[in-house]
file coords-v3.cif (mmCIF, C-alpha atoms)
data_structure
loop_
_atom_site.label_atom_id
_atom_site.label_comp_id
_atom_site.auth_asym_id
_atom_site.auth_seq_id
_atom_site.Cartn_x
_atom_site.Cartn_y
_atom_site.Cartn_z
CA MET A 1 23.79 6.28 -18.23
CA HIS A 2 27.19 5.09 -17.17
CA ARG A 3 29.69 5.38 -14.33
CA LYS A 4 32.83 7.41 -15.01
CA SER A 5 35.51 8.33 -12.46
CA GLY A 6 33.18 7.82 -9.49
CA GLU A 7 30.33 9.79 -11.12
CA THR A 8 27.21 8.70 -12.91
CA VAL A 9 26.93 10.34 -16.31
CA ALA A 10 23.63 10.63 -18.17
CA ALA A 11 23.78 11.33 -21.90
CA ALA A 12 20.67 12.50 -23.76
CA TYR A 13 20.10 13.04 -27.47
CA SER A 14 17.63 15.64 -28.70
CA GLY A 15 17.93 15.03 -32.40
CA GLN A 16 19.94 16.72 -35.14
CA ARG A 17 19.92 20.52 -35.13
CA THR A 18 21.97 23.46 -36.36
CA LEU A 19 23.21 25.87 -33.71
CA GLU A 20 23.41 29.55 -34.54
CA ALA A 21 25.86 31.95 -32.88
CA GLY A 22 24.21 34.17 -30.29
CA LYS A 23 20.92 32.26 -30.34
CA ALA A 24 19.97 30.56 -27.05
CA ILE A 25 18.62 27.04 -26.92
CA THR A 26 16.96 25.50 -23.88
CA PHE A 27 16.82 21.83 -22.99
CA ASP A 28 14.22 20.98 -20.35
CA PHE A 29 14.49 17.66 -18.54
CA ALA A 30 13.56 16.01 -15.26
CA MET A 31 15.20 13.23 -13.32
CA ILE A 32 13.64 11.05 -10.68
CA ILE A 33 16.41 9.61 -8.57
CA THR A 34 15.55 6.32 -6.85
CA PRO A 35 17.84 5.37 -3.98
CA VAL A 36 18.83 1.71 -3.90
CA ARG A 37 20.10 -0.15 -0.88
CA PRO A 38 22.61 -2.96 -1.24
CA LEU A 39 20.92 -6.37 -1.52
CA ASP A 40 20.97 -8.28 1.77
CA MET A 41 21.35 -11.83 0.45
CA LYS A 42 21.52 -13.38 3.91
CA GLY A 43 18.32 -11.60 4.97
CA GLN A 44 16.58 -12.67 1.77
CA PHE A 45 16.94 -16.28 2.84
CA THR A 46 16.81 -16.03 6.64
CA ASN A 47 14.10 -13.45 7.42
CA ARG A 48 10.85 -15.30 8.02
CA TYR A 49 7.55 -13.51 7.42
CA TYR A 50 4.26 -14.18 9.17
CA HIS A 51 0.99 -13.50 7.27
CA ASN A 52 -2.32 -14.44 8.85
CA GLY A 53 -5.05 -11.87 8.13
CA PRO A 54 -7.59 -12.72 10.84
CA LYS A 55 -4.92 -13.67 13.42
CA PRO A 56 -1.95 -11.33 12.95
CA ALA A 57 -0.10 -12.36 16.13
CA PRO A 58 2.26 -15.30 15.59
CA THR A 59 2.42 -18.03 18.22
CA GLN A 60 5.49 -18.63 20.36
CA ALA A 61 6.18 -21.68 18.19
CA ASP A 62 6.19 -19.43 15.10
CA VAL A 63 8.72 -17.08 16.73
CA GLU A 64 10.89 -20.03 17.82
CA ALA A 65 10.75 -21.29 14.22
CA GLY A 66 12.29 -17.99 13.07
CA VAL A 67 9.47 -15.53 12.38
CA ARG A 68 10.96 -12.03 12.61
CA ILE A 69 8.68 -9.96 10.34
CA ILE A 70 4.91 -9.73 10.84
CA ASN A 71 2.65 -8.43 8.06
CA VAL A 72 -0.63 -7.11 9.49
CA HIS A 73 -3.35 -7.52 6.88
CA GLN A 74 -6.95 -6.29 7.07
CA GLY A 75 -10.03 -7.89 8.56
CA ASN A 76 -8.90 -8.22 12.16
CA PRO A 77 -9.30 -6.16 15.37
CA TYR A 78 -5.98 -4.34 14.83
CA ASN A 79 -6.67 -3.37 11.22
CA PRO A 80 -10.31 -3.90 10.26
CA PHE A 81 -10.06 -1.96 6.98
CA ILE A 82 -7.72 -2.58 4.06
CA ASN A 83 -5.35 0.30 3.41
CA TYR A 84 -5.97 3.92 4.23
CA PRO A 85 -7.36 5.16 6.53
CA PHE A 86 -5.86 3.33 9.48
CA LEU A 87 -8.70 3.91 11.95
CA THR A 88 -7.34 1.86 14.85
CA VAL A 89 -4.04 3.62 15.43
CA ASP A 90 -3.96 2.97 19.20
CA LYS A 91 -4.42 -0.78 18.71
CA LEU A 92 -1.82 -0.85 15.92
CA LYS A 93 0.70 1.08 18.05
CA LYS A 94 0.21 -1.28 21.00
CA PHE A 95 0.54 -4.36 18.77
CA THR A 96 3.65 -2.95 17.08
CA SER A 97 5.32 -1.99 20.38
CA GLU A 98 4.63 -5.43 21.83
CA TRP A 99 6.22 -7.23 18.89
CA HIS A 100 9.13 -4.81 18.60
CA GLY A 101 9.82 -5.70 22.25
CA LYS A 102 10.03 -9.35 21.18
CA GLY A 103 12.55 -8.56 18.44
CA CYS A 104 10.12 -8.63 15.51
CA LYS A 105 9.51 -6.06 12.79
CA VAL A 106 5.87 -5.19 12.03
CA LYS A 107 4.63 -4.10 8.59
CA LEU A 108 1.14 -2.86 7.77
CA TYR A 109 -0.12 -4.29 4.51
CA TYR A 110 -0.87 -1.40 2.18
CA THR A 111 -1.77 -1.36 -1.47
CA LEU A 112 -3.61 1.00 -3.77
CA ARG A 113 -5.29 -1.88 -5.53
CA GLU A 114 -8.33 -1.64 -3.24
CA LEU A 115 -10.00 1.10 -1.22
CA THR A 116 -12.76 0.79 1.36
CA ASN A 117 -15.95 2.60 2.18
CA ALA A 118 -14.03 4.20 5.09
CA VAL A 119 -12.17 6.53 2.70
CA SER A 120 -13.73 9.93 3.38
CA GLU A 121 -12.24 11.41 0.19
CA ILE A 122 -14.04 8.95 -2.08
CA LEU A 123 -16.26 11.53 -3.77
CA ALA A 124 -13.27 13.79 -4.46
CA ILE A 125 -11.41 10.80 -5.94
CA ARG A 126 -14.44 9.92 -8.08
CA SER A 127 -14.58 13.49 -9.39
CA LEU A 128 -11.30 12.75 -11.21
CA GLY A 129 -13.09 10.33 -13.54
CA HIS A 130 -11.02 7.23 -14.25
CA GLU A 131 -7.74 8.88 -13.24
CA ILE A 132 -7.57 6.77 -10.05
CA LEU A 133 -10.58 4.46 -9.92
CA ARG A 134 -11.44 2.12 -12.75
CA GLY A 135 -14.93 2.34 -14.19
CA GLY A 136 -17.14 -0.68 -14.51
CA ASP A 137 -20.61 -2.18 -14.44
CA GLY A 138 -21.28 -1.24 -10.82
CA LYS A 139 -23.34 -3.68 -8.74
CA GLY A 140 -21.62 -5.25 -5.73
CA TYR A 141 -22.66 -4.69 -2.15
CA ALA A 142 -25.27 -2.27 -0.81
CA TRP A 143 -22.93 0.55 0.27
CA LEU A 144 -21.37 0.68 -3.20
CA ARG A 145 -24.74 0.65 -4.99
CA GLU A 146 -26.12 3.39 -2.72
CA HIS A 147 -23.11 5.71 -2.71
CA LEU A 148 -21.25 5.15 -5.99
CA VAL A 149 -24.37 4.18 -8.00
CA THR A 150 -22.73 3.57 -11.42
CA ASP A 151 -19.41 3.29 -13.23
CA TYR A 152 -17.27 1.46 -10.64
CA THR A 153 -15.79 -2.00 -10.22
CA PRO A 154 -16.71 -3.82 -7.00
CA ASN A 155 -14.09 -6.09 -5.49
CA GLY A 156 -15.17 -7.83 -2.30
CA MET A 157 -16.26 -7.47 1.29
CA ASN A 158 -14.81 -8.33 4.69
CA ILE A 159 -17.47 -9.28 7.23
CA LEU A 160 -16.46 -7.87 10.62
CA SER A 161 -17.99 -8.53 14.00
CA MET A 162 -20.21 -5.53 14.61
CA THR A 163 -19.85 -5.91 18.40
CA ALA A 164 -16.05 -6.02 18.29
CA ASN A 165 -15.88 -3.03 15.94
CA LYS A 166 -18.55 -0.88 17.63
CA GLY A 167 -20.99 -0.79 14.73
CA LEU A 168 -18.57 -0.14 11.85
CA LEU A 169 -19.90 -1.10 8.44
CA PRO A 170 -18.41 -4.19 6.82
CA THR A 171 -15.44 -3.18 4.70
CA GLN A 172 -16.51 -2.96 1.07
CA LEU A 173 -13.70 -2.94 -1.46
CA PHE A 174 -13.67 -1.19 -4.80
#
call {"tool": "encode", "arguments": {"input": "coords-v3.cif", "output": "structure tokens"}}
result
Amino acid sequence: MHRKSGETVAAAYSGQRTLEAGKAITFDFAMIITPVRPLDMKGQFTNRYYHNGPKPAPTQADVEAGVRIINVHQGNPYNPFINYPFLTVDKLKKFTSEWHGKGCKVKLYYTLRELTNAVSEILAIRSLGHEILRGGDGKGYAWLREHLVTDYTPNGMNILSMTANKGLLPTQLF
């Protein structure tokens, strides 16, 4: 690929071939265009992030020290489970609105590296074999042993206050 007269030109080679008059030839291809924003060098060195899983709200001293971006991790009242599904939307919206009002950006930590026992689609995902979830020796915590039984890789567990979370199971990662 190269830039030419304000355009991006992609050149592809399909190998040597002989073309015959009147005979059609088809070239199938796909492109996945990824938009790129200009790099904000000043922001890279001046934006201050706040990460504190069990206590996602920075103190006033943190904000005065320059915190402007808050990452909300799992294992707290706002986001008890890692990743999807976000089961406490009202709490997350209130938290986000409060911090937006104070000039901060709020990000929800999200990765596909772990899932929890709150994922209602888990049996559908498991039906795909190892397409999404890695196999393994099993074991781990009770929920995993009872529901997944075999061929999974346990990861960890967040112990949550059952009173604060109205009886939700501890988050079990796999």
call {"tool": "residues_around", "arguments": {"input": "coords-v3.cif", "residues": "range 64-70 of chain A", "least_positions_apart": "3", "cutoff": "12 Å", "atoms": "only C-alpha atoms", "output": "ChimeraX atom specification"}}
result
/A:43-53,55-61,73,95-96,98-109
call {"tool": "residues_around", "arguments": {"input": "coords-v3.cif", "residues": "Pro154 in chain A", "least_positions_apart": "4", "cutoff": "12 Å", "atoms": "only C-alpha atoms", "output": "NGL selection string"}}
result
:A and (113-117 or 133-145 or 148-150 or 171-174)
call {"tool": "atom_distance", "arguments": {"input": "coords-v3.cif", "atom1": "CA of Met1 in chain A", "atom2": "CA of Gln16 in chain A"}}
result
20.2 Å
call {"tool": "atom_distance", "arguments": {"input": "coords-v3.cif", "atom1": "CA of Pro85 in chain A", "atom2": "CA of Val119 in chain A"}}
result
6.3 Å
call {"tool": "atom_distance", "arguments": {"input": "coords-v3.cif", "atom1": "CA of Pro54 in chain A", "atom2": "CA of Lys91 in chain A"}}
result
14.6 Å
call {"tool": "residues_around", "arguments": {"input": "coords-v3.cif", "residues": "Asn79 in chain A", "least_positions_apart": "5", "cutoff": "9 Å", "atoms": "only C-alpha atoms", "output": "PyMOL selection string"}}
result
chain A and resi 72-74+86-89+91-92+108
call {"tool": "residues_near_point", "arguments": {"input": "coords-v3.cif", "point": "(19.7, 12.3, -17.1)", "cutoff": "8 Å", "atoms": "all atoms listed in the file", "output": "list in words"}}
result
Met1, Val9, Ala10, Ala11, Ala12, Phe29, Ala30 and Met31 of chain A
call {"tool": "axis_aligned_box", "arguments": {"input": "coords-v3.cif", "around": "range 115-132 of chain A", "padding_each_side": "3 Å", "output": "AutoDock Vina command-line options"}}
result
--center_x -11.9 --center_y 7.3 --center_z -4.6 --size_x 14.7 --size_y 19.0 --size_z 25.3
call {"tool": "closest_residue", "arguments": {"input": "coords-v3.cif", "among": "A:Ser14, A:Thr111, A:Asp40, A:Arg3", "to": "Thr26 in chain A", "atoms": "only C-alpha atoms"}}
result
A:Ser14
call {"tool": "build_atoms", "arguments": {"input": "coords-v3.cif", "residues": "range 91-102 of chain A", "atoms": "all heavy atoms", "output": "short mmCIF file (atom, residue, chain, number, x, y, z; two decimals), in the coordinates of the input"}}
result
data_model
loop_
_atom_site.label_atom_id
_atom_site.label_comp_id
_atom_site.auth_asym_id
_atom_site.auth_seq_id
_atom_site.Cartn_x
_atom_site.Cartn_y
_atom_site.Cartn_z
N LYS A 91 -4.60 0.67 18.70
CA LYS A 91 -4.42 -0.78 18.71
C LYS A 91 -3.18 -1.18 17.90
O LYS A 91 -2.43 -2.07 18.31
CB LYS A 91 -5.65 -1.48 18.12
CG LYS A 91 -6.87 -1.44 19.01
CD LYS A 91 -8.03 -2.16 18.34
CE LYS A 91 -9.28 -2.10 19.20
NZ LYS A 91 -10.40 -2.80 18.56
N LEU A 92 -2.99 -0.54 16.75
CA LEU A 92 -1.82 -0.85 15.92
C LEU A 92 -0.52 -0.48 16.62
O LEU A 92 0.46 -1.22 16.56
CB LEU A 92 -1.92 -0.14 14.57
CG LEU A 92 -2.95 -0.69 13.60
CD1 LEU A 92 -3.15 0.26 12.42
CD2 LEU A 92 -2.55 -2.07 13.10
N LYS A 93 -0.51 0.67 17.32
CA LYS A 93 0.70 1.08 18.05
C LYS A 93 1.02 0.10 19.17
O LYS A 93 2.18 -0.28 19.36
CB LYS A 93 0.51 2.49 18.63
CG LYS A 93 0.66 3.60 17.61
CD LYS A 93 0.33 4.93 18.21
CE LYS A 93 1.58 5.60 18.71
NZ LYS A 93 1.33 7.00 19.12
N LYS A 94 0.00 -0.32 19.90
CA LYS A 94 0.21 -1.28 21.00
C LYS A 94 0.73 -2.61 20.46
O LYS A 94 1.69 -3.18 20.98
CB LYS A 94 -1.09 -1.48 21.78
CG LYS A 94 -0.94 -2.39 22.96
CD LYS A 94 -2.25 -2.54 23.72
CE LYS A 94 -2.05 -3.52 24.87
NZ LYS A 94 -3.29 -3.89 25.51
N PHE A 95 0.11 -3.12 19.39
CA PHE A 95 0.54 -4.36 18.77
C PHE A 95 1.99 -4.26 18.30
O PHE A 95 2.82 -5.14 18.55
CB PHE A 95 -0.38 -4.68 17.58
CG PHE A 95 -0.05 -5.96 16.86
CD1 PHE A 95 -0.54 -7.17 17.30
CD2 PHE A 95 0.76 -5.95 15.73
CE1 PHE A 95 -0.24 -8.35 16.64
CE2 PHE A 95 1.07 -7.12 15.06
CZ PHE A 95 0.57 -8.33 15.51
N THR A 96 2.30 -3.16 17.61
CA THR A 96 3.65 -2.95 17.08
C THR A 96 4.68 -2.86 18.20
O THR A 96 5.74 -3.50 18.14
CB THR A 96 3.68 -1.69 16.20
OG1 THR A 96 2.73 -1.85 15.14
CG2 THR A 96 5.05 -1.45 15.61
N SER A 97 4.39 -2.11 19.24
CA SER A 97 5.32 -1.99 20.38
C SER A 97 5.57 -3.34 21.04
O SER A 97 6.70 -3.67 21.39
CB SER A 97 4.78 -1.00 21.40
OG SER A 97 4.74 0.29 20.86
N GLU A 98 4.50 -4.10 21.21
CA GLU A 98 4.63 -5.43 21.83
C GLU A 98 5.57 -6.32 21.03
O GLU A 98 6.47 -6.95 21.58
CB GLU A 98 3.25 -6.09 21.93
CG GLU A 98 3.29 -7.49 22.47
CD GLU A 98 1.94 -8.18 22.44
OE1 GLU A 98 0.90 -7.49 22.34
OE2 GLU A 98 1.92 -9.43 22.51
N TRP A 99 5.40 -6.34 19.71
CA TRP A 99 6.22 -7.23 18.89
C TRP A 99 7.62 -6.68 18.65
O TRP A 99 8.57 -7.46 18.50
CB TRP A 99 5.49 -7.57 17.59
CG TRP A 99 4.41 -8.57 17.91
CD1 TRP A 99 3.09 -8.31 18.10
CD2 TRP A 99 4.61 -9.94 18.21
NE1 TRP A 99 2.45 -9.45 18.48
CE2 TRP A 99 3.34 -10.47 18.55
CE3 TRP A 99 5.71 -10.79 18.21
CZ2 TRP A 99 3.17 -11.82 18.88
CZ3 TRP A 99 5.53 -12.13 18.54
CH2 TRP A 99 4.28 -12.62 18.87
N HIS A 100 7.77 -5.37 18.65
CA HIS A 100 9.13 -4.81 18.60
C HIS A 100 9.89 -5.24 19.85
O HIS A 100 11.08 -5.56 19.78
CB HIS A 100 9.09 -3.29 18.52
CG HIS A 100 8.79 -2.77 17.16
ND1 HIS A 100 8.65 -1.42 16.90
CD2 HIS A 100 8.59 -3.39 15.97
CE1 HIS A 100 8.39 -1.25 15.61
NE2 HIS A 100 8.34 -2.43 15.03
N GLY A 101 9.21 -5.25 21.00
CA GLY A 101 9.82 -5.70 22.25
C GLY A 101 10.25 -7.15 22.22
O GLY A 101 11.11 -7.57 22.99
N LYS A 102 9.67 -7.93 21.32
CA LYS A 102 10.03 -9.35 21.18
C LYS A 102 11.02 -9.57 20.03
O LYS A 102 11.27 -10.70 19.62
CB LYS A 102 8.77 -10.19 20.94
CG LYS A 102 7.82 -10.18 22.13
CD LYS A 102 6.57 -10.98 21.83
CE LYS A 102 5.61 -10.94 23.01
NZ LYS A 102 4.41 -11.74 22.77
#
